[in-house]
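Student: Contents of start_5.cif (mmCIF, N, CA and C atoms and all ligand atoms):
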data_start
loop_
_atom_site.label_atom_id
_atom_site.label_comp_id
_atom_site.auth_asym_id
_atom_site.auth_seq_id
_atom_site.Cartn_x
_atom_site.Cartn_y
_atom_site.Cartn_z
N MET A 1 37.77 125.43 124.25
CA MET A 1 38.80 124.52 123.74
C MET A 1 40.07 124.65 124.57
N LYS A 2 40.60 123.54 124.97
CA LYS A 2 41.81 123.57 125.78
C LYS A 2 43.02 123.81 124.87
N ALA A 3 43.81 124.79 125.24
CA ALA A 3 44.99 125.11 124.43
C ALA A 3 46.04 124.04 124.64
N LYS A 4 46.53 123.52 123.53
CA LYS A 4 47.54 122.48 123.62
C LYS A 4 48.78 122.93 122.85
N PHE A 5 49.88 122.94 123.54
CA PHE A 5 51.12 123.38 122.92
C PHE A 5 51.66 122.27 122.03
N ASN A 6 51.73 122.56 120.73
CA ASN A 6 52.21 121.58 119.76
C ASN A 6 53.69 121.83 119.48
N ILE A 7 54.52 121.27 120.34
CA ILE A 7 55.95 121.58 120.29
C ILE A 7 56.60 121.09 118.99
N THR A 8 56.10 120.01 118.43
CA THR A 8 56.66 119.48 117.18
C THR A 8 56.45 120.48 116.05
N LYS A 9 55.22 120.96 115.93
CA LYS A 9 54.86 121.93 114.89
C LYS A 9 55.64 123.25 115.08
N VAL A 10 55.72 123.68 116.33
CA VAL A 10 56.41 124.94 116.64
C VAL A 10 57.91 124.83 116.32
N LYS A 11 58.50 123.71 116.71
CA LYS A 11 59.93 123.49 116.42
C LYS A 11 60.21 123.58 114.92
N MET A 12 59.33 122.93 114.13
CA MET A 12 59.48 122.95 112.68
C MET A 12 59.45 124.37 112.13
N GLU A 13 58.52 125.16 112.66
CA GLU A 13 58.37 126.54 112.19
C GLU A 13 59.64 127.35 112.51
N PHE A 14 60.17 127.16 113.70
CA PHE A 14 61.38 127.90 114.08
C PHE A 14 62.57 127.47 113.21
N ILE A 15 62.67 126.19 112.96
CA ILE A 15 63.77 125.70 112.11
C ILE A 15 63.65 126.30 110.72
N LYS A 16 62.42 126.32 110.18
CA LYS A 16 62.18 126.90 108.85
C LYS A 16 62.59 128.36 108.79
N LYS A 17 62.40 129.06 109.91
CA LYS A 17 62.76 130.48 109.97
C LYS A 17 64.25 130.66 110.28
N GLY A 18 64.93 129.55 110.54
CA GLY A 18 66.36 129.63 110.82
C GLY A 18 66.67 130.01 112.26
N ILE A 19 65.67 129.91 113.13
CA ILE A 19 65.90 130.23 114.54
C ILE A 19 66.21 128.93 115.27
N ILE A 20 67.48 128.71 115.53
CA ILE A 20 67.90 127.45 116.14
C ILE A 20 68.81 127.69 117.35
N ARG A 21 68.92 128.95 117.72
CA ARG A 21 69.72 129.29 118.90
C ARG A 21 68.92 130.22 119.80
N CYS A 22 69.40 130.38 121.02
CA CYS A 22 68.73 131.29 121.95
C CYS A 22 68.64 132.68 121.30
N GLU A 23 67.46 133.25 121.30
CA GLU A 23 67.26 134.54 120.62
C GLU A 23 67.85 135.71 121.41
N LEU A 24 68.27 135.46 122.64
CA LEU A 24 68.86 136.54 123.43
C LEU A 24 70.38 136.44 123.52
N CYS A 25 70.90 135.25 123.76
CA CYS A 25 72.36 135.15 123.98
C CYS A 25 73.06 134.28 122.94
N ASN A 26 72.27 133.72 122.00
CA ASN A 26 72.85 132.93 120.90
C ASN A 26 73.38 131.56 121.34
N SER A 27 73.08 131.16 122.54
CA SER A 27 73.50 129.83 122.99
C SER A 27 72.75 128.76 122.20
N ASP A 28 73.39 127.62 121.98
CA ASP A 28 72.69 126.56 121.26
C ASP A 28 72.42 125.35 122.16
N SER A 29 72.56 125.55 123.46
CA SER A 29 72.25 124.43 124.37
C SER A 29 71.14 124.80 125.33
N TRP A 30 70.45 123.78 125.83
CA TRP A 30 69.40 123.98 126.84
C TRP A 30 68.28 124.88 126.32
N LEU A 31 67.84 124.66 125.10
CA LEU A 31 66.84 125.55 124.52
C LEU A 31 65.41 125.12 124.86
N SER A 32 64.57 126.13 125.04
CA SER A 32 63.15 125.86 125.26
C SER A 32 62.35 127.05 124.76
N PHE A 33 61.04 126.89 124.69
CA PHE A 33 60.20 127.98 124.21
C PHE A 33 59.63 128.75 125.39
N ALA A 34 59.77 130.05 125.31
CA ALA A 34 59.23 130.93 126.35
C ALA A 34 58.03 131.67 125.77
N HIS A 35 56.89 131.55 126.42
CA HIS A 35 55.70 132.24 125.94
C HIS A 35 55.61 133.65 126.49
N ARG A 36 54.94 134.49 125.73
CA ARG A 36 54.72 135.88 126.11
C ARG A 36 53.92 135.96 127.41
N LEU A 37 52.93 135.10 127.53
CA LEU A 37 52.05 135.12 128.69
C LEU A 37 52.10 133.77 129.41
N LYS A 38 51.61 133.76 130.64
CA LYS A 38 51.53 132.50 131.37
C LYS A 38 50.53 131.58 130.67
N ARG A 39 50.75 130.29 130.85
CA ARG A 39 49.94 129.28 130.16
C ARG A 39 48.43 129.53 130.27
N ARG A 40 47.99 129.92 131.45
CA ARG A 40 46.54 130.05 131.66
C ARG A 40 45.91 131.09 130.74
N HIS A 41 46.70 132.05 130.25
CA HIS A 41 46.15 133.07 129.36
C HIS A 41 45.81 132.52 127.98
N TYR A 42 46.30 131.32 127.69
CA TYR A 42 46.05 130.77 126.36
C TYR A 42 44.85 129.82 126.32
N ILE A 43 44.30 129.58 127.51
CA ILE A 43 43.09 128.74 127.56
C ILE A 43 41.96 129.46 126.84
N ASN A 44 41.24 128.72 126.03
CA ASN A 44 40.13 129.28 125.25
C ASN A 44 40.58 130.31 124.20
N LYS A 45 41.84 130.25 123.81
CA LYS A 45 42.32 131.16 122.76
C LYS A 45 42.69 130.37 121.50
N GLY A 46 42.10 129.20 121.37
CA GLY A 46 42.34 128.39 120.18
C GLY A 46 43.80 128.03 120.03
N ASP A 47 44.34 128.31 118.85
CA ASP A 47 45.70 127.90 118.53
C ASP A 47 46.74 128.99 118.85
N LEU A 48 46.32 130.02 119.56
CA LEU A 48 47.24 131.13 119.85
C LEU A 48 48.51 130.66 120.54
N ILE A 49 48.39 129.65 121.38
CA ILE A 49 49.55 129.14 122.12
C ILE A 49 50.65 128.64 121.17
N ASN A 50 50.25 128.30 119.94
CA ASN A 50 51.24 127.82 118.96
C ASN A 50 51.66 128.89 117.96
N ASN A 51 51.25 130.13 118.20
CA ASN A 51 51.57 131.22 117.28
C ASN A 51 53.02 131.70 117.48
N PHE A 52 53.72 131.81 116.38
CA PHE A 52 55.13 132.23 116.41
C PHE A 52 55.34 133.52 117.21
N ASN A 53 54.42 134.45 117.08
CA ASN A 53 54.58 135.74 117.75
C ASN A 53 54.40 135.68 119.27
N GLU A 54 53.94 134.56 119.75
CA GLU A 54 53.69 134.41 121.19
C GLU A 54 54.84 133.77 121.93
N MET A 55 55.90 133.41 121.22
CA MET A 55 56.99 132.73 121.92
C MET A 55 58.36 133.05 121.35
N LEU A 56 59.34 132.79 122.18
CA LEU A 56 60.74 132.98 121.80
C LEU A 56 61.48 131.68 122.09
N LEU A 57 62.49 131.42 121.29
CA LEU A 57 63.36 130.28 121.59
C LEU A 57 64.48 130.80 122.49
N LEU A 58 64.53 130.28 123.69
CA LEU A 58 65.50 130.75 124.66
C LEU A 58 66.22 129.59 125.34
N CYS A 59 67.44 129.85 125.78
CA CYS A 59 68.13 128.87 126.60
C CYS A 59 67.53 128.94 128.01
N VAL A 60 67.78 127.95 128.81
CA VAL A 60 67.18 127.91 130.14
C VAL A 60 67.57 129.12 131.01
N PRO A 61 68.85 129.51 131.04
CA PRO A 61 69.19 130.70 131.85
C PRO A 61 68.43 131.96 131.40
N CYS A 62 68.34 132.21 130.09
CA CYS A 62 67.61 133.39 129.62
C CYS A 62 66.11 133.25 129.93
N HIS A 63 65.59 132.05 129.76
CA HIS A 63 64.18 131.78 130.06
C HIS A 63 63.88 132.12 131.53
N GLN A 64 64.78 131.71 132.40
CA GLN A 64 64.58 131.94 133.83
C GLN A 64 64.63 133.42 134.17
N ILE A 65 65.50 134.15 133.50
CA ILE A 65 65.59 135.60 133.75
C ILE A 65 64.27 136.27 133.36
N LEU A 66 63.76 135.92 132.18
CA LEU A 66 62.49 136.53 131.73
C LEU A 66 61.33 136.11 132.63
N GLU A 67 61.35 134.83 133.01
CA GLU A 67 60.29 134.27 133.85
C GLU A 67 60.10 135.10 135.12
N GLN A 68 61.21 135.62 135.62
CA GLN A 68 61.15 136.35 136.89
C GLN A 68 60.94 137.85 136.70
N ASP A 69 60.84 138.29 135.47
CA ASP A 69 60.75 139.73 135.22
C ASP A 69 59.72 140.04 134.13
N PRO A 70 58.46 140.20 134.54
CA PRO A 70 57.39 140.44 133.56
C PRO A 70 57.64 141.67 132.68
N GLU A 71 58.24 142.71 133.23
CA GLU A 71 58.48 143.92 132.46
C GLU A 71 59.53 143.66 131.37
N LEU A 72 60.57 142.93 131.74
CA LEU A 72 61.61 142.58 130.77
C LEU A 72 61.02 141.65 129.69
N THR A 73 60.14 140.76 130.10
CA THR A 73 59.48 139.87 129.14
C THR A 73 58.71 140.70 128.12
N LYS A 74 57.95 141.67 128.62
CA LYS A 74 57.15 142.52 127.75
C LYS A 74 58.05 143.28 126.76
N GLN A 75 59.12 143.86 127.28
CA GLN A 75 60.04 144.64 126.44
C GLN A 75 60.72 143.76 125.40
N THR A 76 61.11 142.55 125.83
CA THR A 76 61.80 141.64 124.92
C THR A 76 60.88 141.23 123.77
N PHE A 77 59.62 140.93 124.10
CA PHE A 77 58.67 140.57 123.04
C PHE A 77 58.39 141.75 122.12
N GLU A 78 58.32 142.95 122.68
CA GLU A 78 58.07 144.13 121.84
C GLU A 78 59.23 144.34 120.86
N ARG A 79 60.42 143.97 121.30
CA ARG A 79 61.62 144.14 120.47
C ARG A 79 61.74 143.03 119.42
N LEU A 80 61.52 141.78 119.86
CA LEU A 80 61.77 140.64 118.97
C LEU A 80 60.55 140.17 118.18
N ARG A 81 59.35 140.52 118.66
CA ARG A 81 58.13 140.13 117.95
C ARG A 81 57.22 141.36 117.83
N PRO A 82 57.72 142.40 117.13
CA PRO A 82 56.95 143.65 117.06
C PRO A 82 55.64 143.47 116.26
ZN ZN B 1 70.14 132.54 126.22
#
When written as structure tokens, how does the structure in this file appear?
Tutor:
Amino acid sequence: MKAKFNITKVKMEFIKKGIIRCELCNSDSWLSFAHRLKRRHYINKGDLINNFNEMLLLCVPCHQILEQDPELTKQTFERLRP
């Protein structure tokens, strides 16, 4: 099964949890979802790509910092999605 990111459903879940700002710097602009793993890791994993524990709401600058630092990504997920 091809993993399909359901951004509408994910957005709703984050809003319900009250997460509407960047989870790292609290910015409320330029927000996007950052996944724990690269997209290809979610292929054949069913709905895992839409699982709350697999992503963070981040602003673009924070997203880019994590994108370039796998170790920091790992640590950030361990801290925010234990
Ligand atoms: Zn940020």
Student: Please produce, as CSV, a per-residue contact table for chain A versus ligand ZN 1 (chain B) (criterion: any atom at most 6.5 Å away, only N, CA and C atoms and all ligand atoms considered), showing the nearest atom pair and its distance in Å to one decimal, sorted by chain then residue number.
Tutor:
residue,atom,partner,partner_atom,distance
A:Cys22,CA,B:ZN1,ZN,4.7
A:Glu23,N,B:ZN1,ZN,5.6
A:Leu24,C,B:ZN1,ZN,4.7
A:Cys25,N,B:ZN1,ZN,3.7
A:Asn26,N,B:ZN1,ZN,4.9
A:Ser27,N,B:ZN1,ZN,4.9
A:Leu58,C,B:ZN1,ZN,5.0
A:Cys59,N,B:ZN1,ZN,3.8
A:Val60,N,B:ZN1,ZN,5.8
A:Pro61,C,B:ZN1,ZN,5.5
A:Cys62,N,B:ZN1,ZN,4.3
A:His63,N,B:ZN1,ZN,5.8
Student: Can those selected residues be exported to a file as a short mmCIF file (atom, residue, chain, number, x, y, z; two decimals), in the frame of the given file so that it contains N, CA and C atoms?
Tutor:
data_model
loop_
_atom_site.label_atom_id
_atom_site.label_comp_id
_atom_site.auth_asym_id
_atom_site.auth_seq_id
_atom_site.Cartn_x
_atom_site.Cartn_y
_atom_site.Cartn_z
N CYS A 22 69.40 130.38 121.02
CA CYS A 22 68.73 131.29 121.95
C CYS A 22 68.64 132.68 121.30
N GLU A 23 67.46 133.25 121.30
CA GLU A 23 67.26 134.54 120.62
C GLU A 23 67.85 135.71 121.41
N LEU A 24 68.27 135.46 122.64
CA LEU A 24 68.86 136.54 123.43
C LEU A 24 70.38 136.44 123.52
N CYS A 25 70.90 135.25 123.76
CA CYS A 25 72.36 135.15 123.98
C CYS A 25 73.06 134.28 122.94
N ASN A 26 72.27 133.72 122.00
CA ASN A 26 72.85 132.93 120.90
C ASN A 26 73.38 131.56 121.34
N SER A 27 73.08 131.16 122.54
CA SER A 27 73.50 129.83 122.99
C SER A 27 72.75 128.76 122.20
N LEU A 58 64.53 130.28 123.69
CA LEU A 58 65.50 130.75 124.66
C LEU A 58 66.22 129.59 125.34
N CYS A 59 67.44 129.85 125.78
CA CYS A 59 68.13 128.87 126.60
C CYS A 59 67.53 128.94 128.01
N VAL A 60 67.78 127.95 128.81
CA VAL A 60 67.18 127.91 130.14
C VAL A 60 67.57 129.12 131.01
N PRO A 61 68.85 129.51 131.04
CA PRO A 61 69.19 130.70 131.85
C PRO A 61 68.43 131.96 131.40
N CYS A 62 68.34 132.21 130.09
CA CYS A 62 67.61 133.39 129.62
C CYS A 62 66.11 133.25 129.93
N HIS A 63 65.59 132.05 129.76
CA HIS A 63 64.18 131.78 130.06
C HIS A 63 63.88 132.12 131.53
#
Student: Find the distance between atom CA of Phe5 of chain A and atom C of Trp30 of chain A and write it in Å to one decimal.
Tutor: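 Computing it gives 17.6 Å between the two atoms.
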Student: May I have all residues of chain A that DSSP, computed from the backbone, assigns to alpha helix (DSSP H), given as a list in words?
Tutor: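 After running DSSP on the backbone, chain A has alpha helix (DSSP H) at Ile7, Thr8, Lys9, Val10, Lys11, Met12, Glu13, Phe14, Ile15, Lys16, Val60, Pro61, Cys62, His63, Gln64, Ile65, Leu66, Glu67, Pro70, Glu71, Leu72, Thr73, Lys74, Gln75, Thr76, Phe77, Glu78, Arg79 and Leu80 of chain A.
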Student: From the set A:His41, A:Arg36, A:Lys11, A:Lys16, which residue has the shortest atom-to-atom contact distance to Arg81 of chain A, counting only C-alpha atoms?
Tutor: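 Counting only C-alpha atoms, the residue closest to Arg81 of chain A is A:Arg36.
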Student: What is the distance, in Å and to one decimal place, between atom CA of Ala34 of chain A and atom CA of Lys17 of chain A?
Tutor: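 According to the coordinates, atom CA of Ala34 of chain A and atom CA of Lys17 of chain A are separated by 16.8 Å.
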Student: Just to confirm, what's the straight-line distance from atom N of Asp47 of chain A to atom N of Ala3 of chain A in Å (one decimal)?
Tutor: 7.3 Å
Student: What parts of chain A does DSSP call strand (DSSP E or B)? I'd like the answer as a count of residues only.
Tutor: 10
Student: Measuring between only C-alpha atoms, which one of A:Met12, A:Lys4, A:His35, A:Pro82 shows the shortest distance to Leu56 of chain A?
Tutor: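 Distance minimum relative to Leu56 of chain A lands on A:His35.
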